[in-house]
file protein_35.txt (compact mmCIF, C-alpha atoms and all ligand atoms)
# COMPACT_ATOMS: atom_id res chain seq x y z
CA MET L 23 0.00 0.00 0.00
CA PRO L 24 1.29 3.50 -0.78
CA ASP L 25 1.82 6.02 2.02
CA PRO L 26 -1.55 6.12 3.84
CA ALA L 27 -1.21 9.90 4.08
CA GLN L 28 -1.43 10.05 0.28
CA LEU L 29 -4.73 8.18 0.13
CA ASP L 30 -8.03 10.00 -0.28
CA TRP L 31 -9.68 8.54 2.82
CA SER L 32 -12.91 10.49 2.33
CA ALA L 33 -13.24 8.92 -1.13
CA LEU L 34 -12.71 5.48 0.43
CA ASP L 35 -15.36 6.21 3.07
CA ARG L 36 -17.76 7.27 0.33
CA LEU L 37 -17.08 4.07 -1.63
CA ARG L 38 -17.59 1.97 1.47
CA ALA L 39 -20.99 3.54 2.03
CA THR L 40 -21.88 2.81 -1.62
CA PHE L 41 -20.79 -0.83 -1.43
CA LEU L 42 -22.55 -1.38 1.90
CA ALA L 43 -25.81 0.08 0.69
CA ARG L 44 -25.73 -2.40 -2.24
CA ASP L 45 -27.67 0.15 -4.27
CA ALA L 46 -24.78 0.97 -6.58
CA ALA L 47 -26.69 -0.20 -9.66
CA ALA L 48 -29.62 2.08 -8.92
CA ALA L 49 -27.40 5.07 -8.20
CA GLY L 50 -25.40 4.79 -11.49
CA PRO L 51 -21.64 5.30 -11.96
CA TYR L 52 -19.97 6.22 -8.67
CA TRP L 53 -16.34 6.83 -9.70
CA ARG L 54 -16.05 10.57 -9.17
CA ASP L 55 -12.47 11.20 -10.22
CA HIS L 56 -8.94 9.90 -10.59
CA ASP L 57 -8.21 10.14 -6.83
CA THR L 58 -11.20 7.93 -5.97
CA LEU L 59 -10.01 5.29 -8.43
CA ALA L 60 -6.42 5.55 -7.20
CA ALA L 61 -7.51 5.11 -3.57
CA TYR L 62 -9.72 2.15 -4.58
CA ASP L 63 -6.92 0.59 -6.66
CA ALA L 64 -4.51 0.69 -3.71
CA THR L 65 -6.95 -0.80 -1.21
CA TYR L 66 -10.24 -2.54 -2.11
CA ALA L 67 -8.94 -3.53 -5.55
CA GLU L 68 -5.65 -4.81 -4.16
CA ARG L 69 -7.63 -6.97 -1.75
CA ILE L 70 -9.62 -8.28 -4.72
CA GLY L 71 -6.25 -8.89 -6.40
CA TRP L 72 -5.38 -11.38 -3.62
CA LYS L 73 -8.48 -13.37 -4.58
CA TRP L 74 -7.32 -13.36 -8.21
CA ASP L 75 -3.87 -14.48 -7.05
CA ALA L 76 -5.44 -17.44 -5.23
CA LEU L 77 -7.54 -18.55 -8.21
CA LEU L 78 -4.75 -17.96 -10.75
CA ARG L 79 -2.33 -19.91 -8.55
CA GLU L 80 -4.67 -22.90 -8.62
CA LEU L 81 -4.98 -22.65 -12.41
CA ARG L 82 -1.21 -22.41 -12.86
CA LEU L 83 -0.68 -25.44 -10.59
CA ARG L 84 -3.18 -27.29 -12.77
CA ARG L 85 -1.31 -26.05 -15.86
CA TRP L 86 -4.44 -24.46 -17.24
CA ALA L 87 -4.30 -21.21 -19.21
CA PRO L 88 -6.83 -19.49 -21.44
CA PRO L 89 -6.27 -20.28 -25.13
CA ALA L 90 -3.58 -18.05 -26.65
CA GLY L 91 -4.35 -15.16 -28.98
CA THR L 92 -7.72 -14.01 -27.63
CA VAL L 93 -8.72 -10.45 -26.74
CA LEU L 94 -8.88 -10.08 -22.95
CA LEU L 95 -12.12 -8.30 -22.06
CA ASP L 96 -12.39 -6.98 -18.48
CA TYR L 97 -16.12 -6.29 -17.99
CA GLY L 98 -16.97 -3.80 -15.22
CA CYS L 99 -13.23 -3.19 -14.97
CA GLY L 100 -13.24 -0.47 -12.28
CA SER L 101 -9.56 0.38 -11.77
CA GLY L 102 -8.63 -2.68 -13.86
CA VAL L 103 -7.10 -4.97 -11.25
CA ALA L 104 -8.56 -8.22 -12.64
CA GLY L 105 -7.25 -7.69 -16.16
CA ARG L 106 -3.80 -6.74 -14.87
CA ARG L 107 -3.65 -9.81 -12.59
CA MET L 108 -4.55 -11.98 -15.60
CA LEU L 109 -1.86 -10.39 -17.76
CA ALA L 110 0.73 -10.83 -15.01
CA ALA L 111 -0.23 -14.47 -14.48
CA PHE L 112 -0.49 -15.69 -18.07
CA GLY L 113 1.76 -13.15 -19.82
CA ALA L 114 0.63 -10.20 -21.91
CA ASP L 115 1.89 -11.98 -25.03
CA ASN L 116 -0.71 -14.70 -24.43
CA PHE L 117 -3.36 -12.15 -25.50
CA ALA L 118 -4.01 -10.27 -28.74
CA ALA L 119 -5.21 -7.10 -26.97
CA LEU L 120 -6.90 -5.80 -23.82
CA ALA L 121 -10.44 -4.37 -23.91
CA LEU L 122 -11.70 -2.52 -20.84
CA HIS L 123 -15.41 -2.01 -20.33
CA ASP L 124 -17.17 -0.07 -17.59
CA HIS L 125 -20.26 2.08 -17.60
CA SER L 126 -18.06 4.70 -15.97
CA PRO L 127 -15.74 6.28 -18.59
CA GLU L 128 -13.48 7.52 -15.74
CA ALA L 129 -12.94 3.92 -14.62
CA ALA L 130 -12.23 2.63 -18.13
CA SER L 131 -9.66 5.35 -18.81
CA PHE L 132 -7.98 4.90 -15.38
CA ALA L 133 -7.73 1.14 -16.02
CA ALA L 134 -6.38 1.76 -19.53
CA ALA L 135 -3.65 4.08 -18.21
CA ARG L 136 -2.60 1.57 -15.52
CA ALA L 137 -2.54 -1.30 -18.02
CA ALA L 138 -0.58 0.73 -20.58
CA SER L 139 2.04 1.56 -17.98
CA ALA L 140 2.37 -2.06 -16.74
CA PHE L 141 2.10 -3.75 -20.16
CA PRO L 142 3.20 -1.14 -22.74
CA ALA L 143 3.48 -3.61 -25.64
CA LEU L 144 -0.10 -4.87 -25.36
CA PRO L 145 -2.59 -3.13 -27.70
CA LEU L 146 -5.66 -1.60 -26.05
CA LEU L 147 -8.78 -2.32 -28.03
CA ASP L 148 -11.77 0.02 -27.99
CA ALA L 149 -14.33 -2.77 -28.32
CA SER L 150 -17.68 -2.58 -26.57
CA PRO L 151 -19.25 -5.85 -25.35
CA SER L 152 -22.01 -5.53 -27.95
CA ARG L 153 -19.41 -5.19 -30.72
CA LEU L 154 -17.60 -8.29 -29.46
CA LEU L 155 -20.92 -10.13 -29.23
CA ASP L 156 -21.62 -9.38 -32.88
CA SER L 157 -18.12 -10.17 -34.15
CA SER L 158 -16.24 -13.43 -34.54
CA THR L 159 -13.26 -12.12 -32.53
CA PRO L 160 -12.25 -14.74 -29.95
CA PHE L 161 -12.14 -13.24 -26.47
CA THR L 162 -11.44 -14.25 -22.88
CA LEU L 163 -13.95 -12.66 -20.53
CA VAL L 164 -12.85 -11.49 -17.10
CA VAL L 165 -15.44 -10.38 -14.56
CA SER L 166 -14.68 -9.30 -11.02
CA HIS L 167 -17.17 -8.16 -8.39
CA VAL L 168 -19.73 -6.84 -10.84
CA LEU L 169 -22.82 -9.06 -10.87
CA ASN L 170 -24.58 -7.58 -7.85
CA GLU L 171 -24.38 -4.08 -9.37
CA LEU L 172 -25.97 -4.98 -12.68
CA PRO L 173 -29.58 -4.25 -13.56
CA PRO L 174 -31.33 -7.30 -15.11
CA ALA L 175 -30.71 -6.28 -18.75
CA ALA L 176 -26.97 -5.80 -18.17
CA ALA L 177 -26.77 -9.12 -16.27
CA GLU L 178 -28.38 -10.79 -19.29
CA GLU L 179 -25.85 -9.14 -21.60
CA LEU L 180 -23.05 -10.41 -19.39
CA VAL L 181 -24.30 -14.03 -19.49
CA ALA L 182 -24.73 -13.74 -23.29
CA LEU L 183 -21.14 -12.47 -23.54
CA ALA L 184 -19.92 -15.35 -21.37
CA ALA L 185 -21.79 -17.81 -23.61
CA ARG L 186 -19.84 -16.40 -26.60
CA ALA L 187 -16.45 -16.25 -24.87
CA THR L 188 -13.58 -18.61 -25.62
CA ALA L 189 -12.82 -18.66 -21.90
CA VAL L 190 -14.35 -17.04 -18.83
CA LEU L 191 -12.68 -16.21 -15.52
CA TRP L 192 -15.14 -14.78 -13.06
CA ILE L 193 -14.78 -13.88 -9.37
CA GLU L 194 -17.54 -12.53 -7.14
CA PRO L 195 -17.62 -11.87 -3.39
CA GLY L 196 -17.88 -15.03 -1.30
CA THR L 197 -21.28 -14.20 0.16
CA HIS L 198 -24.30 -16.49 0.16
CA ALA L 199 -26.19 -14.30 -2.34
CA ASP L 200 -23.28 -13.56 -4.71
CA SER L 201 -22.11 -17.19 -4.76
CA ARG L 202 -25.58 -18.44 -5.62
CA ALA L 203 -26.01 -15.79 -8.33
CA LEU L 204 -22.74 -16.97 -9.90
CA ALA L 205 -23.83 -20.61 -9.60
CA ALA L 206 -27.04 -19.74 -11.46
CA ALA L 207 -24.92 -18.25 -14.28
CA ARG L 208 -22.80 -21.44 -14.21
CA ASP L 209 -25.89 -23.58 -14.75
CA ARG L 210 -26.81 -21.48 -17.79
CA LEU L 211 -23.31 -21.74 -19.29
CA ARG L 212 -22.45 -25.38 -18.68
CA SER L 213 -23.84 -26.63 -21.99
CA SER L 214 -21.60 -24.33 -24.08
CA HIS L 215 -18.46 -24.57 -21.92
CA ARG L 216 -16.17 -26.99 -20.14
CA ILE L 217 -16.10 -26.21 -16.41
CA VAL L 218 -12.53 -25.71 -15.21
CA ALA L 219 -13.31 -24.42 -11.70
CA PRO L 220 -14.71 -24.70 -9.15
CA CYS L 221 -16.75 -27.77 -10.18
CA THR L 222 -15.49 -31.31 -10.66
CA HIS L 223 -18.69 -32.24 -12.48
CA ARG L 224 -21.23 -30.74 -14.86
CA GLU L 225 -24.44 -31.85 -13.16
CA ASN L 226 -27.00 -29.25 -12.02
CA CYS L 227 -25.34 -27.15 -9.32
CA PRO L 228 -26.29 -28.95 -6.09
CA LEU L 229 -26.64 -25.63 -4.27
CA PHE L 230 -30.11 -25.50 -5.82
CA ALA L 231 -31.16 -28.99 -4.68
CA ALA L 232 -33.79 -29.15 -1.94
CA GLY L 233 -32.19 -29.05 1.49
CA ASN L 234 -29.10 -27.09 0.40
CA GLU L 235 -30.63 -23.61 0.66
CA ARG L 236 -28.26 -22.55 3.43
CA GLU L 237 -25.05 -23.55 1.62
CA TRP L 238 -22.89 -21.53 -0.74
CA CYS L 239 -19.80 -22.17 -2.82
CA HIS L 240 -16.95 -20.01 -1.57
CA PHE L 241 -13.24 -20.09 -0.83
CA PHE L 242 -10.70 -17.96 1.03
CA ALA L 243 -7.65 -16.07 -0.20
CA GLU L 244 -4.81 -15.14 2.12
CA PRO L 245 -3.14 -11.72 1.99
CA PRO L 246 0.56 -11.59 1.07
CA PRO L 247 2.98 -11.79 4.02
CA GLY L 248 3.39 -8.57 6.01
CA VAL L 249 -0.01 -7.08 5.21
CA GLN L 250 -1.45 -7.64 8.65
CA ASN L 251 1.40 -5.70 10.28
CA ASP L 252 1.35 -2.85 7.79
CA SER L 253 0.05 0.34 9.42
CA GLY L 254 -1.69 1.51 6.22
CA TRP L 255 -3.51 -1.79 5.80
CA VAL L 256 -4.45 -1.90 9.49
CA ARG L 257 -5.91 1.61 9.25
CA PHE L 258 -7.75 0.72 6.05
CA ALA L 259 -9.16 -2.50 7.59
CA GLN L 260 -10.44 -0.59 10.62
CA ARG L 261 -12.11 2.13 8.55
CA ALA L 262 -13.52 -0.25 5.95
CA GLY L 263 -14.61 -2.80 8.57
CA VAL L 264 -12.90 -5.69 6.78
CA ASP L 265 -10.89 -8.59 8.14
CA LEU L 266 -7.62 -8.84 6.25
CA ARG L 267 -6.80 -12.37 7.43
CA SER L 268 -8.71 -13.97 4.58
CA GLN L 269 -10.91 -12.75 1.78
CA ALA L 270 -13.93 -14.84 0.78
CA TYR L 271 -14.62 -15.31 -2.90
CA SER L 272 -16.73 -17.31 -5.34
CA CYS L 273 -15.38 -18.23 -8.74
CA LEU L 274 -16.18 -19.67 -12.12
CA VAL L 275 -13.70 -20.63 -14.83
CA LEU L 276 -14.93 -21.94 -18.17
CA GLU L 277 -13.47 -22.79 -21.52
CA ARG L 278 -15.33 -23.43 -24.72
CA GLY L 279 -16.18 -27.10 -25.26
CA ALA L 280 -18.06 -29.75 -23.35
CA GLY L 281 -17.09 -31.75 -20.29
CA VAL L 282 -15.24 -31.13 -17.06
CA ALA L 283 -11.69 -29.72 -17.09
CA ALA L 284 -9.38 -32.18 -18.80
CA ASP L 285 -6.65 -31.62 -16.21
CA LEU L 286 -8.70 -33.17 -13.41
CA PRO L 287 -7.87 -36.87 -13.33
CA ALA L 288 -11.53 -37.88 -13.01
CA ALA L 289 -11.09 -40.84 -15.34
CA GLU L 290 -8.20 -42.18 -13.28
CA THR L 291 -9.88 -41.84 -9.90
CA PRO L 292 -11.90 -44.96 -9.08
CA ALA L 293 -15.67 -44.54 -9.22
CA ALA L 294 -15.67 -45.15 -5.47
CA ALA L 295 -13.53 -42.00 -5.02
CA PRO L 296 -14.90 -39.37 -7.40
CA SER L 297 -13.17 -36.03 -7.66
CA ALA L 298 -14.67 -33.50 -5.29
CA ARG L 299 -14.16 -29.90 -4.26
CA VAL L 300 -14.27 -28.92 -0.62
CA LEU L 301 -16.22 -25.69 -0.14
CA GLY L 302 -15.66 -23.00 2.46
CA ARG L 303 -13.35 -23.65 5.39
CA PRO L 304 -13.13 -27.12 6.97
CA GLU L 305 -13.65 -27.11 10.75
CA VAL L 306 -10.91 -29.00 12.53
CA PHE L 307 -11.60 -30.65 15.89
CA LYS L 308 -9.32 -32.94 17.88
CA PRO L 309 -10.48 -36.32 16.56
CA TYR L 310 -11.72 -35.25 13.11
CA ALA L 311 -12.26 -32.50 10.55
CA ARG L 312 -15.72 -31.59 9.27
CA LEU L 313 -16.12 -30.33 5.75
CA LEU L 314 -18.60 -29.69 2.96
CA ALA L 315 -17.71 -31.54 -0.24
CA CYS L 316 -19.28 -31.14 -3.68
CA ASP L 317 -19.15 -33.96 -6.24
CA ALA L 318 -21.32 -35.30 -9.05
CA ARG L 319 -23.69 -36.83 -6.49
CA GLY L 320 -24.31 -33.53 -4.71
CA LEU L 321 -23.24 -31.75 -1.53
CA HIS L 322 -22.14 -33.78 1.49
CA TRP L 323 -21.27 -32.75 5.02
CA LEU L 324 -18.49 -35.21 5.83
CA GLU L 325 -16.20 -36.10 8.69
CA LEU L 326 -12.57 -36.96 8.08
CA PRO L 327 -11.42 -38.93 11.13
CA LYS L 328 -7.89 -38.08 12.22
CA ARG L 329 -6.91 -41.76 12.18
CA VAL L 330 -7.75 -41.96 8.46
CA ASP L 331 -5.30 -39.20 7.51
CA PRO L 332 -3.59 -37.42 10.46
CA ALA L 333 -1.30 -35.34 8.20
CA LEU L 334 -4.17 -34.02 6.10
CA VAL L 335 -6.29 -33.16 9.17
CA LYS L 336 -3.32 -31.19 10.51
CA ARG L 337 -2.88 -29.36 7.18
CA LEU L 338 -6.58 -28.53 7.00
CA ALA L 339 -6.22 -26.53 10.22
CA LYS L 340 -3.32 -24.34 9.09
CA ASP L 341 -2.35 -24.67 5.45
CA PRO L 342 -5.07 -26.46 3.47
CA PRO L 343 -4.09 -27.78 0.04
CA THR L 344 -5.97 -26.75 -3.12
CA PRO L 345 -9.36 -28.21 -2.16
CA LEU L 346 -9.63 -30.80 -4.94
CA TYR L 347 -9.58 -34.42 -3.83
CA ALA L 348 -10.38 -37.92 -4.93
CA LEU L 349 -12.76 -38.51 -2.04
CA ALA L 350 -14.00 -41.94 -0.99
CA HIS L 351 -16.94 -41.52 1.39
CA ASP L 352 -20.25 -43.08 2.36
CA GLY L 353 -22.14 -39.77 2.63
CA ARG L 354 -21.06 -39.27 6.27
CA ARG L 355 -17.45 -40.36 6.73
CA ILE L 356 -14.40 -40.11 4.52
CA ALA L 357 -12.48 -43.34 4.02
CA ALA L 358 -9.71 -41.84 1.86
CA ALA L 359 -8.87 -38.32 0.62
CA THR L 360 -6.19 -37.89 -2.03
CA PRO L 361 -5.33 -34.30 -3.02
CA LEU L 362 -5.53 -33.95 -6.81
CA VAL L 363 -3.28 -30.89 -7.21
CA ALA L 364 0.46 -31.19 -6.62
CA GLU L 365 1.63 -28.22 -4.50
CA PRO L 366 5.10 -26.67 -4.83
CA PRO L 367 7.45 -26.66 -1.83
CA PRO L 368 6.37 -24.04 0.78
CA ASP L 369 9.29 -21.67 0.10
CA ALA L 370 8.57 -21.34 -3.66
CA ALA L 371 8.14 -17.64 -4.52
CA PRO L 372 4.55 -16.41 -4.84
CA SER L 373 3.72 -14.36 -7.90
CA GLY L 374 1.40 -11.38 -8.24
CA GLU L 375 1.01 -8.32 -10.40
C1 LIG Q 401 -17.16 -3.30 -7.22
S1 LIG Q 401 -16.61 -2.61 -8.70
C2 LIG Q 401 -15.45 -3.82 -9.24
C3 LIG Q 401 -14.44 -3.25 -10.14
C4 LIG Q 401 -13.38 -4.23 -10.63
N1 LIG Q 401 -13.94 -5.20 -11.53
C5 LIG Q 401 -12.68 -4.86 -9.46
O1 LIG Q 401 -12.75 -6.10 -9.29
O2 LIG Q 401 -12.01 -4.14 -8.70
C6 LIG Q 401 -17.96 -2.85 -9.85
C7 LIG Q 401 -17.68 -2.24 -11.21
O3 LIG Q 401 -18.77 -2.54 -12.09
C8 LIG Q 401 -19.06 -1.38 -12.84
N2 LIG Q 401 -20.46 -1.46 -13.31
C9 LIG Q 401 -21.59 -1.40 -12.57
N3 LIG Q 401 -22.67 -1.49 -13.35
C10 LIG Q 401 -22.22 -1.62 -14.62
C11 LIG Q 401 -22.87 -1.75 -15.89
N4 LIG Q 401 -24.20 -1.77 -15.99
N5 LIG Q 401 -22.10 -1.89 -16.99
C12 LIG Q 401 -20.75 -1.86 -16.88
N6 LIG Q 401 -20.08 -1.73 -15.72
C13 LIG Q 401 -20.81 -1.61 -14.60
C14 LIG Q 401 -18.84 -0.24 -11.86
O4 LIG Q 401 -18.66 1.02 -12.49
C15 LIG Q 401 -17.58 -0.72 -11.17
O5 LIG Q 401 -16.43 -0.30 -11.83

call {"tool": "encode", "arguments": {"input": "protein_35.txt", "output": "structure tokens"}}
result
Amino acid sequence: MPDPAQLDWSALDRLRATFLARDAAAAGPYWRDHDTLAAYDATYAERIGWKWDALLRELRLRRWAPPAGTVLLDYGCGSGVAGRRMLAAFGADNFAALALHDHSPEAASFAAARAASAFPALPLLDASPSRLLDSSTPFTLVVSHVLNELPPAAAEELVALAARATAVLWIEPGTHADSRALAAARDRLRSSHRIVAPCTHRENCPLFAAGNEREWCHFFAEPPPGVQNDSGWVRFAQRAGVDLRSQAYSCLVLERGAGVAADLPAAETPAAAPSARVLGRPEVFKPYARLLACDARGLHWLELPKRVDPALVKRLAKDPPTPLYALAHDGRRIAAATPLVAEPPPDAAPSGE
């Protein structure tokens, strides 16, 4: 974070009030000026960047990248953090151009200036979503924290864009409502696209099955080391009323084609141990861990007894692996849990923007 004295704290307070009221869509564009966007970019957007880092790390570990040569379209770009995180993770030369869309022209031009300074060789394309919808240009759609601000017609346009995209990477806040809204979009897009994340299957999303009304599909991203002791971040967290220890997010990653992501070894895992994703945060008690797993058969609240896998139960408490497992269970207890994603050694350097 830059020097806290340089930040426009009154702009941040104003933004906080807007986000809390959840009436941003009704009120129209709220980016007043460059200073508001700069203050947002250094704080709220950076925090959103940590969520992108977490998702992009999983994708890199799984050796998945969006197909090369597409236009990267950041829809509802704000200060442009999502597009920049994508370019840093996959390389600007993986994309033909960057297109930034926001109903606020101030936001789009702020994001364009930041992208041009970080990735000077990448062309910026002045392509509206409707122009991309009508063209045959292949594009990768990036969406970050936008859905709950969209009026119904714009939300429809966004789903139509996603249906046309070569690949989609989409992060929303990890709240009950936002996660379920994203899952509803997932159910509409699963016939045109392969689901890369978070799902290990392409059945109806089990969140919408009777009895699962209270559940939601969300994950947690850690801040980079040092953030929690940084006086600027501490002051921001107090004023914004956010907990910096972990940021909840929901996600959806799609690529054109049918089926579940090819990199998940579903075919190799025995039918008795289908691939599953663990949602939310497992609770770890002395003799067992309790977790919510999603697989092709639905959602299951499961116990993993410590005697079955003491090392994994210990890891779940402090440093959980990417939550993809071949999971053998009887609907109540786990008999075997094999992580599906190979993690690098703990001291491997993290990467960000
Ligand atoms: C919470 S901000 C998120 C910004 C950015 N994507 C990020 O992750 O930091 C929501 C963004 O959506 C934009 N937005 C809201 N309604 C929109 C609409 N109907 N069309 C395009 N953008 C919209 C807002 O201007 C704002 O930049």

call {"tool": "atom_distance", "arguments": {"input": "protein_35.txt", "atom1": "atom CA of Val264 of chain L", "atom2": "atom CA of Asp25 of chain L"}}
result
19.4 Å

call {"tool": "residues_around", "arguments": {"input": "protein_35.txt", "residues": "Ala270 of chain L", "least_positions_apart": "5", "cutoff": "8 Å", "atoms": "only C-alpha atoms", "output": "list in words"}}
result
Lys73, Pro195, Gly196, Thr197, His240, Phe241, Phe242 and Ala243 of chain L

call {"tool": "write_last_selection", "arguments": {"input": "protein_35.txt", "atoms": "C-alpha atoms", "output": "PDB file, keeping the file's coordinate frame"}}
result
ATOM      1  CA  LYS L  73      -8.480 -13.370  -4.580  1.00  0.00           C
ATOM      2  CA  PRO L 195     -17.620 -11.870  -3.390  1.00  0.00           C
ATOM      3  CA  GLY L 196     -17.880 -15.030  -1.300  1.00  0.00           C
ATOM      4  CA  THR L 197     -21.280 -14.200   0.160  1.00  0.00           C
ATOM      5  CA  HIS L 240     -16.950 -20.010  -1.570  1.00  0.00           C
ATOM      6  CA  PHE L 241     -13.240 -20.090  -0.830  1.00  0.00           C
ATOM      7  CA  PHE L 242     -10.700 -17.960   1.030  1.00  0.00           C
ATOM      8  CA  ALA L 243      -7.650 -16.070  -0.200  1.00  0.00           C
TER       9      ALA L 243
END

call {"tool": "atom_distance", "arguments": {"input": "protein_35.txt", "atom1": "atom N4 of ligand LIG 401 (chain Q)", "atom2": "atom CA of Pro173 of chain L"}}
result
6.4 Å

call {"tool": "closest_residue", "arguments": {"input": "protein_35.txt", "among": "L:Lys340, L:Arg186, L:His123, L:Arg84", "to": "ligand LIG 401 (chain Q)", "atoms": "only C-alpha atoms and all ligand atoms"}}
result
L:His123

call {"tool": "closest_atom_pairs", "arguments": {"input": "protein_35.txt", "of": "chain L", "to": "ligand LIG 401 (chain Q)", "cutoff": "8 Å", "atoms": "all atoms listed in the file", "output": "CSV"}}
result
residue,atom,partner,partner_atom,distance
L:Phe41,CA,Q:LIG401,C1,7.3
L:Ala46,CA,Q:LIG401,C9,7.2
L:Ala47,CA,Q:LIG401,N3,5.6
L:Gly50,CA,Q:LIG401,N3,7.1
L:Pro51,CA,Q:LIG401,O4,5.2
L:Tyr52,CA,Q:LIG401,O4,6.6
L:Trp53,CA,Q:LIG401,O4,6.9
L:Tyr62,CA,Q:LIG401,O2,7.9
L:Asp63,CA,Q:LIG401,O2,7.2
L:Tyr66,CA,Q:LIG401,O2,7.0
L:Ala67,CA,Q:LIG401,O2,4.4
L:Glu68,CA,Q:LIG401,O2,7.8
L:Ile70,CA,Q:LIG401,O1,6.0
L:Gly71,CA,Q:LIG401,O1,7.6
L:Asp96,CA,Q:LIG401,N1,7.3
L:Tyr97,CA,Q:LIG401,N6,6.5
L:Gly98,CA,Q:LIG401,N6,3.8
L:Cys99,CA,Q:LIG401,N1,4.0
L:Gly100,CA,Q:LIG401,O5,3.2
L:Ser101,CA,Q:LIG401,O2,6.0
L:Gly102,CA,Q:LIG401,C4,5.9
L:Val103,CA,Q:LIG401,O2,5.6
L:Ala104,CA,Q:LIG401,O1,5.8
L:His123,CA,Q:LIG401,C12,6.4
L:Asp124,CA,Q:LIG401,N6,3.8
L:His125,CA,Q:LIG401,C12,4.0
L:Ser126,CA,Q:LIG401,O4,5.1
L:Ala129,CA,Q:LIG401,O5,6.1
L:Val165,CA,Q:LIG401,N1,6.2
L:Ser166,CA,Q:LIG401,O1,4.1
L:His167,CA,Q:LIG401,C2,4.7
L:Val168,CA,Q:LIG401,C6,4.5
L:Leu169,CA,Q:LIG401,O3,7.8
L:Glu171,CA,Q:LIG401,C9,5.0
L:Leu172,CA,Q:LIG401,N3,4.8
L:Pro173,CA,Q:LIG401,N4,6.4
L:Ala176,CA,Q:LIG401,N4,5.4
L:Ala177,CA,Q:LIG401,N4,7.8

call {"tool": "decode", "arguments": {"input": "protein_35.txt", "residues": "segment 214-257 of chain L", "atoms": "C-alpha atoms", "output": "mmCIF file, in the first residue's frame"}}
result
data_model
loop_
_atom_site.group_PDB
_atom_site.id
_atom_site.type_symbol
_atom_site.label_atom_id
_atom_site.label_comp_id
_atom_site.auth_asym_id
_atom_site.auth_seq_id
_atom_site.Cartn_x
_atom_site.Cartn_y
_atom_site.Cartn_z
ATOM 1 C CA SER L 214 -21.597 -24.332 -24.077
ATOM 2 C CA HIS L 215 -18.459 -24.575 -21.923
ATOM 3 C CA ARG L 216 -16.173 -26.990 -20.144
ATOM 4 C CA ILE L 217 -16.099 -26.211 -16.412
ATOM 5 C CA VAL L 218 -12.535 -25.706 -15.210
ATOM 6 C CA ALA L 219 -13.315 -24.419 -11.697
ATOM 7 C CA PRO L 220 -14.707 -24.705 -9.154
ATOM 8 C CA CYS L 221 -16.745 -27.773 -10.178
ATOM 9 C CA THR L 222 -15.488 -31.309 -10.662
ATOM 10 C CA HIS L 223 -18.692 -32.243 -12.479
ATOM 11 C CA ARG L 224 -21.227 -30.738 -14.863
ATOM 12 C CA GLU L 225 -24.444 -31.849 -13.161
ATOM 13 C CA ASN L 226 -27.003 -29.246 -12.016
ATOM 14 C CA CYS L 227 -25.337 -27.153 -9.323
ATOM 15 C CA PRO L 228 -26.290 -28.955 -6.094
ATOM 16 C CA LEU L 229 -26.642 -25.627 -4.265
ATOM 17 C CA PHE L 230 -30.109 -25.502 -5.823
ATOM 18 C CA ALA L 231 -31.158 -28.987 -4.679
ATOM 19 C CA ALA L 232 -33.787 -29.150 -1.938
ATOM 20 C CA GLY L 233 -32.187 -29.048 1.494
ATOM 21 C CA ASN L 234 -29.100 -27.092 0.397
ATOM 22 C CA GLU L 235 -30.626 -23.615 0.657
ATOM 23 C CA ARG L 236 -28.257 -22.546 3.426
ATOM 24 C CA GLU L 237 -25.048 -23.545 1.620
ATOM 25 C CA TRP L 238 -22.894 -21.529 -0.739
ATOM 26 C CA CYS L 239 -19.801 -22.170 -2.822
ATOM 27 C CA HIS L 240 -16.951 -20.015 -1.574
ATOM 28 C CA PHE L 241 -13.238 -20.090 -0.831
ATOM 29 C CA PHE L 242 -10.697 -17.965 1.033
ATOM 30 C CA ALA L 243 -7.646 -16.075 -0.196
ATOM 31 C CA GLU L 244 -4.806 -15.140 2.120
ATOM 32 C CA PRO L 245 -3.137 -11.718 1.990
ATOM 33 C CA PRO L 246 0.558 -11.585 1.072
ATOM 34 C CA PRO L 247 2.984 -11.794 4.018
ATOM 35 C CA GLY L 248 3.387 -8.572 6.006
ATOM 36 C CA VAL L 249 -0.013 -7.081 5.210
ATOM 37 C CA GLN L 250 -1.447 -7.643 8.653
ATOM 38 C CA ASN L 251 1.402 -5.695 10.278
ATOM 39 C CA ASP L 252 1.346 -2.853 7.787
ATOM 40 C CA SER L 253 0.048 0.345 9.415
ATOM 41 C CA GLY L 254 -1.686 1.514 6.222
ATOM 42 C CA TRP L 255 -3.509 -1.792 5.800
ATOM 43 C CA VAL L 256 -4.445 -1.900 9.488
ATOM 44 C CA ARG L 257 -5.906 1.609 9.255
#
